[in-house]
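Here's the structure, in C-alpha cells; my notes come after.
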Amino acid sequence: MLNHIQDPQLRAVIDSLVALLLAQGGRPYLVGGCVRDGLWGQAIKDLDIEVFGLDWASLTQLVAGLLDVDLVGKSFGILKVKGYPIDISIPRRERKSGVGHRGFEVDSDPNMSLEEAALRRDFTINALYFDLENQTVLNPVGGLADLNARQLRHVSHRFCEDPLRVLRGMQLLARFRLTCHPDTLALCRQIDWTHLTAERIFEEFRKLILQGLEPSRGLQFLVDTGWIALFPEFQRLIGCPQNEELHPEGDVWNHTLSVMDAFASARMGDPWEDLVVGWACLCHDLGKPQATKEVSGTWRAPNHGQKGVEPTQTLLARLTRQTELIEQVTPLVANHLVPFYYFKEQAPDSAIRRLAMEVKRIDRLVRVAQADHAGRPPIGQQPFAAGTWLLERARALGVENQPPQSLIMGRHLIERGIKPGPHFKTVLAHCLEAQLEGAFADTASGLVYLDQWLAQATHHPADLSDRGS
C-alpha cells in the first residue's frame, strides 16, 4: 500500500509519524480514499490517518512535537499537517442535530471499535482500513467485494443524514467508472437536497469535470436518482429532440453526455483551462430547449448558441461566485458552432480576429467544438477538420490563445497633441477596427495609418474637438 506513495519525502514523514504513534500506544490506520486508490493500483496523494487508542490531547501533543499542525479541524477531531497532504483524526460519532451536511454533533472516542467507526462513512469502498503496524487491509463493512466489482454501495442507513453524499456519489461514479447498487440508488431518491450549499455542489461538479473518466455515468446518476430536478437547465435537455441525421445519438441530453465523455478523454491537465472548457461543454446546448422547432419535418435549433448564454449564466451564478469563470464560459457557449461555420465559409482573417476578441482564447473554443463534434457517435469519429483549420489560422495571426492586442494606445494620441477626453474612445475604437480588418499589423504601420487618418479627421471637428495646435 505505502509503495503507492510516490513522494519520498511524504513517505519518510509517514514512517516517522507511524513509529511515534505506535511507540506511545496508538493504533494508526490509513482510511478512505487513499486505501481505495492504493488497492486500485493508483498513486496515493492525500492521506487520512485515523488513530485509535490515543485521546485528542495526547494525539495533538505527539504530532505537534514532530510536525507543524493546523487545528482548524479541532471541532471534528482532525489535525491537518501543514505542508503535507495529511489529515490525522481519532474515531468519532456523528449525531444529526440540524439540516444539511453541516448539521452534526461530533463526539470523539479513541476506544471505539473499528466496525463502529466505519459505520459513519459514506460508501463501502471508502470504509476500508489499512493497518499501518501490521501492513494489512481491514474490511469491516464489505468494501473489498464492492471495490473488486467496481460498485458504489452505501455503508448504512445513516447515509441519508448527509445529502451531499448523493453528489459525492455522482463524481465517484464518473471518476472510477463505477455502477451504483440498486439499494443505494433507491436511497438517494429519498434524500432532500434543500439545504445543500452552492459551494459544496460546485465542488462536486468540479471533481466530476476535472477528474471524471466517464462524466456521463455521474450525470446520468442525477437522472436515475431524480436529483436532475435540482438543475432545471439540464433537466430541460432530456427529451429535447434533434435532427436524427446530424445526431444519431438521440436527444440533447444524450448528446451532452457523449460530449462530456469526449471532453474527459482530451483534458489537457491544466485545472483552470479544463474547468472553463469542461463547463462550456456541459452547458454548450442549454439554449436548445428554447430554440428547437420543427421545420419541414426536421428538428432545427437556430441560434441556440446565443440562446444558451442566459441559462448558462443563471446556472453558474447559482453555483459559484467566480465571475471570471462565468465570463470565460459564456462566450464559448455562444460561439461553439462558429468553428464549423467559419471553416465552411473560409472566413477571412478579420473575422478570426474578431472571434478572438469575443472568446479571448480560440484554442478553448476549438476544444469545445471538438468535443461537440466527437459527441455525435459515430459521426464524431471523423476528423474535425474545422478545428484544425481554425487553430492554424489563429496561430498564424497570433490569436490562438489570446485576443488581438491594440497596437495604437492613448499615449500615441497624446504624442500627437490630442488632449485626453471622450473623443479618445472614438479614435482608439476606429484604430482597433482598422487593425482587425488588417489595415496594419504592427505599431509602426499603425502609426502611419493613425497619422493619415488624423489628417483626414481634421475636417471633422466633432471627432477631434480637443486636439491641440
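Every chain in the C-alpha cells takes a letter, A first, then B, and so on in the order presented; its residues are numbered from 1, and the ligands are numbered from 1 following the presented order.
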Which neighbours of Thr443 in chain A fall inside 8 Å, counting only C-alpha atoms, when residues of the same chain fewer than 4 positions from it are skipped, and could you give them as number ranges by chain?
A: 407-408, 447
Show which residues sit within 7 Å of range 360-376 of chain A, as a PyMOL selection string. Count only C-alpha atoms, and ignore same-chain residues fewer than 2 positions away.
chain A and resi 247-249+255+258-259+262-263+277+280-281+332+336-337+339+356-358+378-381+384+387+391+400-403
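When only C-alpha atoms are used to compute distances to His412 in chain A, the closest of the residues A:Phe424, A:Trp56, A:Ala12, A:Phe340 turns out to be A:Phe424.
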If you count only C-alpha atoms, which residues fall within 7 Å of Phe130 in chain A, apart from same-chain ones fewer than 6 positions away, as a VMD selection string?
chain A and resid 29 to 31 35 136 to 138
As a VMD selection string, please: every residue in range 103-346 of chain A that DSSP puts in alpha helix (DSSP H).
chain A and resid 114 to 118 143 to 149 164 to 176 182 to 188 198 to 211 215 to 225 232 to 235 252 to 264 271 to 283 288 to 291 304 to 307 309 to 319 323 to 334 338 to 345
Nearest to Ala351 in chain A, restricted to only C-alpha atoms and choosing among A:Pro404, A:Gly83, A:Gly26, A:Pro163, comes out as A:Pro404
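Proximity of A:Leu178, A:Leu71, A:Val106, A:Met112 to Val51 in chain A, computed with only C-alpha atoms, is greatest for A:Met112.
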Residues within 9 Å of range 194-211 of chain A, please, as a ChimeraX atom specification. Count only C-alpha atoms; anything in the same chain fewer than 4 positions from it doesn't count.
/A:99-101,163-164,167-168,170-175,215,218-219,230,260,263-264,267,269,271,274-275,278-279,282,316,318-321
Keeping N, CA and C atoms for every residue in the selection just given, could you write it to a file as a compact mmCIF listing (two decimals), in the first residue's frame?
# COMPACT_ATOMS: atom_id res chain seq x y z
N VAL A 99 -30.09 20.63 9.90
CA VAL A 99 -30.32 20.34 8.48
C VAL A 99 -29.02 20.42 7.70
N GLY A 100 -29.04 19.80 6.52
CA GLY A 100 -27.90 19.90 5.62
C GLY A 100 -26.74 19.04 6.03
N HIS A 101 -25.61 19.22 5.30
CA HIS A 101 -24.44 18.39 5.55
C HIS A 101 -23.59 18.90 6.71
N PRO A 163 -26.94 14.93 2.75
CA PRO A 163 -27.37 14.93 1.34
C PRO A 163 -26.24 15.13 0.35
N LEU A 164 -25.13 15.70 0.79
CA LEU A 164 -24.01 15.90 -0.12
C LEU A 164 -23.48 14.57 -0.65
N LEU A 167 -24.25 13.73 -4.33
CA LEU A 167 -23.38 14.36 -5.33
C LEU A 167 -21.95 13.81 -5.25
N ARG A 168 -21.56 13.38 -4.08
CA ARG A 168 -20.26 12.70 -3.98
C ARG A 168 -20.31 11.39 -4.78
N MET A 170 -22.15 10.95 -7.37
CA MET A 170 -22.13 11.36 -8.77
C MET A 170 -20.71 11.42 -9.30
N GLN A 171 -19.82 12.12 -8.57
CA GLN A 171 -18.47 12.29 -9.10
C GLN A 171 -17.62 11.02 -8.94
N LEU A 172 -17.92 10.20 -7.93
CA LEU A 172 -17.19 8.94 -7.78
C LEU A 172 -17.53 7.97 -8.91
N LEU A 173 -18.80 7.90 -9.27
CA LEU A 173 -19.19 7.06 -10.41
C LEU A 173 -18.44 7.45 -11.66
N ALA A 174 -18.31 8.77 -11.86
CA ALA A 174 -17.62 9.28 -13.05
C ALA A 174 -16.12 9.07 -12.98
N ARG A 175 -15.53 9.28 -11.83
CA ARG A 175 -14.08 9.21 -11.70
C ARG A 175 -13.54 7.79 -11.82
N PRO A 215 -17.70 11.17 -17.33
CA PRO A 215 -18.67 12.05 -16.68
C PRO A 215 -20.12 11.64 -16.92
N GLY A 218 -21.82 9.82 -14.00
CA GLY A 218 -22.26 10.65 -12.89
C GLY A 218 -23.46 11.49 -13.25
N LEU A 219 -23.48 12.04 -14.46
CA LEU A 219 -24.60 12.88 -14.87
C LEU A 219 -25.88 12.07 -15.03
N LEU A 230 -32.78 19.29 -9.43
CA LEU A 230 -32.03 20.36 -8.78
C LEU A 230 -31.38 21.28 -9.81
N MET A 260 -19.43 15.27 -22.96
CA MET A 260 -18.63 15.31 -21.73
C MET A 260 -17.62 14.18 -21.67
N PHE A 263 -14.87 15.24 -23.98
CA PHE A 263 -14.04 16.24 -23.30
C PHE A 263 -13.07 15.57 -22.32
N ALA A 264 -13.59 14.64 -21.52
CA ALA A 264 -12.77 13.99 -20.49
C ALA A 264 -11.61 13.22 -21.09
N ARG A 267 -8.70 15.96 -21.85
CA ARG A 267 -8.29 17.01 -20.91
C ARG A 267 -6.80 17.29 -21.06
N GLY A 269 -4.91 18.84 -18.58
CA GLY A 269 -4.21 18.76 -17.31
C GLY A 269 -4.00 20.07 -16.60
N PRO A 271 -5.82 22.71 -14.52
CA PRO A 271 -7.12 22.73 -13.83
C PRO A 271 -8.03 23.87 -14.26
N ASP A 274 -9.14 23.38 -18.01
CA ASP A 274 -10.08 22.26 -18.11
C ASP A 274 -11.41 22.59 -17.46
N LEU A 275 -11.38 23.39 -16.39
CA LEU A 275 -12.63 23.75 -15.73
C LEU A 275 -13.47 24.65 -16.65
N GLY A 278 -14.55 22.51 -19.62
CA GLY A 278 -15.49 21.49 -19.18
C GLY A 278 -16.87 22.05 -18.91
N TRP A 279 -16.95 23.18 -18.24
CA TRP A 279 -18.26 23.81 -18.00
C TRP A 279 -18.89 24.26 -19.32
N LEU A 282 -20.37 21.23 -20.88
CA LEU A 282 -21.57 20.81 -20.17
C LEU A 282 -22.76 21.71 -20.48
N LEU A 316 -24.60 28.90 -13.52
CA LEU A 316 -23.31 29.10 -12.87
C LEU A 316 -23.39 30.13 -11.75
N ARG A 318 -25.78 30.55 -9.83
CA ARG A 318 -26.42 29.88 -8.70
C ARG A 318 -25.44 29.00 -7.94
N LEU A 319 -24.37 28.57 -8.62
CA LEU A 319 -23.45 27.61 -8.01
C LEU A 319 -22.13 28.21 -7.56
N THR A 320 -21.74 29.35 -8.13
CA THR A 320 -20.42 29.89 -7.80
C THR A 320 -20.42 31.41 -7.88
N ARG A 321 -19.52 32.01 -7.11
CA ARG A 321 -19.30 33.45 -7.16
C ARG A 321 -18.11 33.80 -8.03
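Proximity of A:Ala334, A:Leu390, A:Leu397, A:Val166 to Gln346 in chain A, computed with only C-alpha atoms, is greatest for A:Leu390.
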Neighbouring residues of Ser58 in chain A were defined as those with any atom within 10 Å, considering only C-alpha atoms; residues of the same chain fewer than 5 positions away were excluded. Please report them as a PyMOL selection string.
chain A and resi 24+26+53+63-64
